[in-house]
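Let me begin by presenting the structure, written as structure tokens, before commenting on it.
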Amino acid sequence: MSHEVESMAYANQVPWHGLGARVDESVSVDEMLKAANLDWSVDLRQLHYADGKDEMLEVPGRFALVRSTDGRILTITGDSWHPLQNAETLGFMREYVEAGGAKLETAGSLRGGKIIWGLAKLNHTFDVTKGDSVNGYLLFTSPHEVGKAITVRTTTVRVVCANTMAMANSNSTLEYKQNHLAEFDVEAAKACVENAHDELAAAQARFKTLAKLKINIEDAIKKVIAPVIVPAFNFTDVEKDWDILDPANQPKKLAEVIESINTAPGADPVTGWGMLNGVTHWADHVAGRDGASRMHRAWVGDTARAKVRVEEGLLQLAA
């Protein structure tokens with residue numbers, strides 16, 4: 001696929017990023033594990049070094065996290081690292097999938113196995129405005145990399161344009177994070193997952209608030225969007241009558257966001273909801289060099305964080 005998306009499988013419709021191999025919608029967790037090429041394990045192996053005398057000596061307290069299928073080293077860590085196996089990652093969702101509370105739709109590997117994820121659709125859909133529907137999802141990301149946390153969170157997808165909304169508001173009750181210095185706390189993660197429908201109800205309230213916020217593009221850009229998307233751009237350095245809506249005055253990223261605000265499916269360039277969707281459409285469908293890099297950035301990278309910050313900024317204006 002690409003160096004960002006190593007392997008992936010999906011059920012139902014082709015995902016917004018257009019990547020992966022299709023599987024039947026009734027796929028089980030175990031079948032998804034195989035279809036997504038995630039049926040491998042990771043092991044900690046002691047690091048050694050050559051002493052110059054034809055002997056290999058141990059590097060005290062240093063280990064390589066190695067993939068079973070090809071011997072690829074995914075990260076270097078200490079002896080306190082607790083690997084979370086791929087089967088455990090998708091297995092966490094098993095009871096919700098099998099109980100009918102969710103449908104596992106997507107799973108895969110990013111960056112050569114360094115990040116594993118599973119995405120399940122929850123039985124929770126709501127309308128922000130009449131006919132503008134949003135579906136709720138549960139996303140589990142499990143990194144095989146030092147410095148990255150295991151994360152369980154809700155996310156939403158706007159049906160009309162397949163934009164993924166901000167993963168979690170800063171006040172979210174559902175964003176379980178854990179490092180690898182202890183065994184994965186299944187019960188603590190489950191306690192957060194139990195709040196998923198409450199979290200989606202809170203998201204619905206936030207989105208409806210934004211839909212009621214009347215705002216023009218110029219104000220949204222200057223007050224919220226530009227400081228997040230192009231923070232180095234300084235509006236105080238330009239003349240008073242300078243026009244941000246003139247394409248000649250727009251940095252490339254900002255021009256792309258404005259284009260999404262005005263022309264993306266379901267465009268609503270007069271409300272806070274429309275402004276947020278312009279940013280999410282840009283992040284999911286425009287930013288970056290290809291679909292794989294966009295997906296990685298929009299789920300766990302810089303544009304994912306940008307979505308949260310833009311939403312929070314618009315909500316402050318609404319308040």
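Identifiers for the structure tokens are assigned positionally: chains receive A, B, ... in sequence, residues are indexed from 1 per chain, and ligands are indexed from 1 in the order shown.
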
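Those residues that approach His144 of chain A to within 7 Å, counting only C-alpha atoms, are Leu74, Thr75, Lys114 and Ile115 of chain A; same-chain residues fewer than 6 positions away are not listed.
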
Need the shell around segment 295-301 of chain A: protein/DNA/RNA residues with any atom at most 12 Å away, counting only C-alpha atoms. Skip same-chain ones fewer than 6 positions apart. Format as a short mmCIF file (atom, residue, chain, number, x, y, z; two decimals) with N, CA and C atoms, in the first residue's frame?
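Saved the output as out.cif:
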```cif
data_model
loop_
_atom_site.label_atom_id
_atom_site.label_comp_id
_atom_site.auth_asym_id
_atom_site.auth_seq_id
_atom_site.Cartn_x
_atom_site.Cartn_y
_atom_site.Cartn_z
N SER A 2 1.41 1.59 1.14
CA SER A 2 2.32 2.74 1.24
C SER A 2 3.15 2.53 2.48
N HIS A 3 4.12 3.42 2.69
CA HIS A 3 4.95 3.26 3.88
C HIS A 3 4.18 3.63 5.14
N GLU A 4 3.04 4.35 5.01
CA GLU A 4 2.24 4.69 6.18
C GLU A 4 1.30 3.55 6.55
N VAL A 5 0.52 3.06 5.58
CA VAL A 5 -0.41 1.96 5.82
C VAL A 5 0.24 0.69 5.31
N GLU A 6 0.61 -0.18 6.23
CA GLU A 6 1.26 -1.43 5.85
C GLU A 6 0.25 -2.48 5.42
N MET A 8 -4.28 -3.60 5.83
CA MET A 8 -5.57 -3.12 6.29
C MET A 8 -6.68 -3.95 5.68
N PRO A 15 -13.71 2.72 2.82
CA PRO A 15 -13.45 3.82 3.75
C PRO A 15 -13.13 5.12 3.03
N TRP A 16 -13.23 6.22 3.77
CA TRP A 16 -12.99 7.53 3.17
C TRP A 16 -11.58 7.67 2.60
N HIS A 17 -10.61 6.89 3.13
CA HIS A 17 -9.25 6.99 2.64
C HIS A 17 -9.00 6.06 1.45
N GLY A 18 -9.98 5.20 1.12
CA GLY A 18 -9.90 4.37 -0.07
C GLY A 18 -8.86 3.27 -0.03
N LEU A 19 -8.48 2.82 1.17
CA LEU A 19 -7.40 1.83 1.29
C LEU A 19 -7.92 0.52 1.87
N GLY A 20 -7.19 -0.57 1.61
CA GLY A 20 -7.46 -1.84 2.27
C GLY A 20 -8.15 -2.87 1.40
N GLY A 108 -5.97 -2.55 10.96
CA GLY A 108 -4.78 -2.51 10.13
C GLY A 108 -3.52 -2.14 10.89
N SER A 109 -2.46 -1.97 10.11
CA SER A 109 -1.13 -1.69 10.63
C SER A 109 -0.57 -0.46 9.93
N LEU A 110 -0.04 0.47 10.72
CA LEU A 110 0.59 1.67 10.20
C LEU A 110 2.09 1.63 10.45
N ARG A 111 2.84 2.26 9.57
CA ARG A 111 4.27 2.47 9.76
C ARG A 111 5.03 1.19 10.06
N LYS A 114 4.32 -0.46 13.53
CA LYS A 114 4.53 0.32 14.75
C LYS A 114 3.22 0.74 15.41
N ILE A 115 2.15 0.86 14.62
CA ILE A 115 0.85 1.23 15.18
C ILE A 115 -0.20 0.28 14.63
N ILE A 116 -0.97 -0.35 15.53
CA ILE A 116 -2.05 -1.25 15.18
C ILE A 116 -3.36 -0.61 15.61
N TRP A 117 -4.40 -0.74 14.78
CA TRP A 117 -5.68 -0.15 15.18
C TRP A 117 -6.84 -1.03 14.77
N GLY A 118 -7.96 -0.85 15.50
CA GLY A 118 -9.23 -1.45 15.14
C GLY A 118 -10.31 -0.39 15.30
N LEU A 119 -11.26 -0.37 14.38
CA LEU A 119 -12.34 0.62 14.39
C LEU A 119 -13.67 -0.11 14.31
N LEU A 139 -12.58 3.58 18.53
CA LEU A 139 -11.25 3.40 17.93
C LEU A 139 -10.26 2.95 19.00
N PHE A 140 -9.55 1.87 18.70
CA PHE A 140 -8.50 1.35 19.60
C PHE A 140 -7.18 1.43 18.83
N THR A 141 -6.21 2.17 19.36
CA THR A 141 -4.88 2.22 18.74
C THR A 141 -3.87 1.65 19.72
N SER A 142 -3.02 0.76 19.21
CA SER A 142 -2.03 0.09 20.04
C SER A 142 -0.66 0.22 19.38
N PRO A 143 0.21 1.07 19.91
CA PRO A 143 1.53 1.26 19.31
C PRO A 143 2.56 0.26 19.84
N LYS A 148 4.71 6.11 22.74
CA LYS A 148 3.33 6.15 22.26
C LYS A 148 2.44 5.36 23.21
N ALA A 149 1.27 5.91 23.49
CA ALA A 149 0.37 5.28 24.46
C ALA A 149 -0.72 4.46 23.77
N ILE A 150 -1.14 3.39 24.41
CA ILE A 150 -2.33 2.65 24.02
C ILE A 150 -3.52 3.57 24.26
N THR A 151 -4.43 3.66 23.30
CA THR A 151 -5.54 4.60 23.41
C THR A 151 -6.84 3.96 22.96
N VAL A 152 -7.89 4.17 23.75
CA VAL A 152 -9.25 3.77 23.39
C VAL A 152 -10.10 5.02 23.44
N ARG A 153 -10.81 5.32 22.35
CA ARG A 153 -11.59 6.56 22.32
C ARG A 153 -12.75 6.45 21.33
N THR A 154 -13.70 7.38 21.46
CA THR A 154 -14.75 7.48 20.46
C THR A 154 -14.31 8.42 19.36
N THR A 155 -14.90 8.22 18.19
CA THR A 155 -14.77 9.17 17.10
C THR A 155 -16.09 9.15 16.36
N THR A 156 -16.32 10.14 15.52
CA THR A 156 -17.57 10.20 14.77
C THR A 156 -17.26 10.41 13.29
N VAL A 157 -18.18 9.96 12.45
CA VAL A 157 -18.05 10.13 11.01
C VAL A 157 -19.33 10.76 10.47
N ASN A 163 -16.34 12.62 6.78
CA ASN A 163 -15.32 13.28 7.60
C ASN A 163 -15.30 12.66 8.99
N THR A 164 -14.12 12.39 9.50
CA THR A 164 -14.00 11.98 10.89
C THR A 164 -13.88 13.24 11.74
N MET A 165 -14.73 13.34 12.74
CA MET A 165 -14.72 14.51 13.61
C MET A 165 -13.57 14.41 14.60
N ALA A 166 -13.48 15.42 15.43
CA ALA A 166 -12.47 15.40 16.48
C ALA A 166 -12.61 14.13 17.29
N MET A 167 -11.49 13.44 17.53
CA MET A 167 -11.51 12.15 18.22
C MET A 167 -12.12 12.25 19.60
N ALA A 168 -11.71 13.26 20.35
CA ALA A 168 -12.22 13.41 21.69
C ALA A 168 -12.03 14.83 22.14
N VAL A 279 -12.56 22.07 8.07
CA VAL A 279 -11.26 21.63 8.58
C VAL A 279 -11.15 20.11 8.54
N THR A 280 -12.21 19.41 8.95
CA THR A 280 -12.13 17.94 8.97
C THR A 280 -12.09 17.38 7.54
N HIS A 281 -12.80 18.00 6.61
CA HIS A 281 -12.72 17.55 5.22
C HIS A 281 -11.31 17.75 4.68
N TRP A 282 -10.73 18.90 4.95
CA TRP A 282 -9.35 19.16 4.52
C TRP A 282 -8.40 18.12 5.10
N ALA A 283 -8.53 17.84 6.41
CA ALA A 283 -7.64 16.90 7.08
C ALA A 283 -7.78 15.49 6.50
N ASP A 284 -9.01 15.06 6.23
CA ASP A 284 -9.27 13.69 5.80
C ASP A 284 -9.12 13.46 4.31
N HIS A 285 -9.36 14.50 3.50
CA HIS A 285 -9.45 14.29 2.06
C HIS A 285 -8.48 15.11 1.23
N VAL A 286 -7.79 16.07 1.84
CA VAL A 286 -6.95 16.99 1.06
C VAL A 286 -5.51 17.03 1.56
N ALA A 287 -5.31 17.19 2.85
CA ALA A 287 -3.97 17.40 3.40
C ALA A 287 -3.04 16.23 3.11
N GLY A 288 -1.76 16.51 2.99
CA GLY A 288 -0.78 15.44 2.82
C GLY A 288 -0.62 15.01 1.39
N ARG A 289 0.32 14.10 1.20
CA ARG A 289 0.68 13.70 -0.16
C ARG A 289 -0.16 12.54 -0.70
N LYS A 307 -8.05 19.19 14.60
CA LYS A 307 -9.51 19.09 14.65
C LYS A 307 -10.02 19.44 16.06
N VAL A 308 -9.37 18.86 17.06
CA VAL A 308 -9.79 19.11 18.44
C VAL A 308 -9.66 20.59 18.78
#
```

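Those residues that approach Ala255 of chain A to within 12 Å, counting only C-alpha atoms, are Ile217, Ile221, Ile225, Ala226, Ile229, Val230, Ile244, Leu245, Asp246, Pro247, Ala248, Asn249, Ile261, Asn262, Gly278, Val279, Trp282, Val286 and Ala287 of chain A; same-chain residues fewer than 6 positions away are not listed.
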
Please save C-alpha atoms of the selected residues as a compact mmCIF listing (two decimals), in the first residue's frame.
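Okay, this is what ended up in selection24.txt:
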```
# COMPACT_ATOMS: atom_id res chain seq x y z
CA ILE A 217 -15.40 32.68 7.02
CA ILE A 221 -10.21 32.05 9.96
CA ILE A 225 -8.68 28.36 12.07
CA ALA A 226 -5.52 30.21 11.01
CA ILE A 229 -3.58 25.50 10.80
CA VAL A 230 -0.91 28.15 10.03
CA ILE A 244 -7.79 37.19 3.83
CA LEU A 245 -10.34 35.88 1.31
CA ASP A 246 -8.16 36.94 -1.59
CA PRO A 247 -6.43 33.71 -2.73
CA ALA A 248 -3.27 35.67 -3.40
CA ASN A 249 -3.00 36.39 0.32
CA ILE A 261 -15.39 25.10 3.75
CA ASN A 262 -16.98 26.39 0.56
CA GLY A 278 -14.25 22.40 6.38
CA VAL A 279 -11.26 21.63 8.58
CA TRP A 282 -9.35 19.16 4.52
CA VAL A 286 -6.95 16.99 1.06
CA ALA A 287 -3.97 17.40 3.40
```

Alpha helix (DSSP H) call set, DSSP backbone run, segment 23-237 of chain A, as a ChimeraX atom specification: /A:29-35,86-91,94-98,186-193,196-212,217-220,226-229

Could you write out that same residue set with C-alpha atoms as a short mmCIF file (atom, residue, chain, number, x, y, z; two decimals), in the first residue's frame?
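Contents of the output file result_39.cif:
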```cif
data_model
loop_
_atom_site.label_atom_id
_atom_site.label_comp_id
_atom_site.auth_asym_id
_atom_site.auth_seq_id
_atom_site.Cartn_x
_atom_site.Cartn_y
_atom_site.Cartn_z
CA VAL A 29 -12.60 -10.59 15.15
CA ASP A 30 -10.32 -13.55 14.40
CA GLU A 31 -11.11 -13.37 10.68
CA MET A 32 -10.43 -9.63 10.65
CA LEU A 33 -7.08 -10.25 12.33
CA LYS A 34 -6.04 -12.51 9.45
CA ALA A 35 -7.59 -10.41 6.68
CA ASN A 86 -2.45 -7.61 18.17
CA ALA A 87 -4.88 -10.38 19.08
CA GLU A 88 -5.44 -8.65 22.43
CA THR A 89 -6.04 -5.32 20.72
CA LEU A 90 -8.86 -6.63 18.53
CA GLY A 91 -9.93 -9.10 21.19
CA ARG A 94 -14.81 -8.93 20.90
CA GLU A 95 -17.53 -8.82 23.54
CA TYR A 96 -18.96 -5.59 22.15
CA VAL A 97 -18.94 -6.94 18.60
CA GLU A 98 -20.36 -10.35 19.50
CA VAL A 186 -8.66 -4.26 30.53
CA GLU A 187 -11.12 -3.35 33.27
CA ALA A 188 -10.09 0.31 33.35
CA ALA A 189 -10.42 0.52 29.57
CA LYS A 190 -13.82 -1.18 29.68
CA ALA A 191 -15.01 1.32 32.29
CA CYS A 192 -14.26 4.11 29.82
CA VAL A 193 -15.88 2.26 26.93
CA ALA A 196 -19.17 5.69 24.83
CA HIS A 197 -22.85 6.46 24.26
CA ASP A 198 -22.76 9.26 26.82
CA GLU A 199 -19.72 10.65 25.04
CA LEU A 200 -21.51 10.55 21.70
CA ALA A 201 -24.50 12.30 23.23
CA ALA A 202 -22.12 15.02 24.44
CA ALA A 203 -20.64 15.24 20.93
CA GLN A 204 -24.14 15.65 19.52
CA ALA A 205 -24.75 18.57 21.90
CA ARG A 206 -21.45 20.20 20.91
CA PHE A 207 -22.13 19.82 17.19
CA LYS A 208 -25.64 21.26 17.55
CA THR A 209 -24.16 24.23 19.40
CA LEU A 210 -21.78 24.80 16.49
CA ALA A 211 -24.63 24.47 13.99
CA LYS A 212 -26.37 27.38 15.76
CA ILE A 217 -15.40 32.68 7.02
CA GLU A 218 -13.18 35.68 7.64
CA ASP A 219 -13.91 35.76 11.37
CA ALA A 220 -13.56 31.99 11.70
CA ALA A 226 -5.52 30.21 11.01
CA PRO A 227 -3.93 30.14 14.50
CA VAL A 228 -4.30 26.34 14.44
CA ILE A 229 -3.58 25.50 10.80
#
```

Surrounding residues of Pro265 of chain A excluding itself and chain neighbours under 3 positions, 9 Å, only C-alpha atoms, as a PyMOL selection string: chain A and resi 160-161+260+281

Residues of segment 68-254 of chain A in strand (DSSP E or B), written as a ChimeraX atom specification: /A:73-77,102-110,115-129,132-143,150-158,163-164,175-178,214

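Atom pair atom CA of Gly272 of chain A / atom CA of Ser293 of chain A has a distance of 26.9 Å (rounded to one decimal).
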
Shortest interatomic distance to Pro269 of chain A - which of A:Ala11, A:Leu317, A:Ile215, A:Val224, counting only C-alpha atoms: A:Ile215

Leaving out Val66 of chain A and any residue of its chain fewer than 6 positions from it, which residues lie within 7 Å of it when counting only C-alpha atoms, given as a PDB file with N, CA and C atoms, in the first residue's frame?
```
ATOM      1  N   VAL A  42       4.623 -10.011  18.878  1.00  0.00           N
ATOM      2  CA  VAL A  42       5.872  -9.296  19.148  1.00  0.00           C
ATOM      3  C   VAL A  42       6.520  -9.884  20.394  1.00  0.00           C
ATOM      4  N   ASP A  43       7.867  -9.889  20.396  1.00  0.00           N
ATOM      5  CA  ASP A  43       8.611 -10.461  21.512  1.00  0.00           C
ATOM      6  C   ASP A  43       9.764  -9.532  21.888  1.00  0.00           C
ATOM      7  N   LEU A  44      10.061  -9.491  23.184  1.00  0.00           N
ATOM      8  CA  LEU A  44      11.228  -8.743  23.662  1.00  0.00           C
ATOM      9  C   LEU A  44      12.466  -9.621  23.583  1.00  0.00           C
ATOM     10  N   ARG A  72      11.470  -8.003  12.148  1.00  0.00           N
ATOM     11  CA  ARG A  72      11.593  -6.552  12.119  1.00  0.00           C
ATOM     12  C   ARG A  72      11.636  -6.004  13.544  1.00  0.00           C
ATOM     13  N   ILE A  73      12.595  -5.120  13.813  1.00  0.00           N
ATOM     14  CA  ILE A  73      12.674  -4.451  15.110  1.00  0.00           C
ATOM     15  C   ILE A  73      11.746  -3.247  15.076  1.00  0.00           C
ATOM     16  N   LEU A  74      10.757  -3.240  15.964  1.00  0.00           N
ATOM     17  CA  LEU A  74       9.771  -2.170  15.981  1.00  0.00           C
ATOM     18  C   LEU A  74      10.154  -1.034  16.913  1.00  0.00           C
TER      19      LEU A  74
END
```
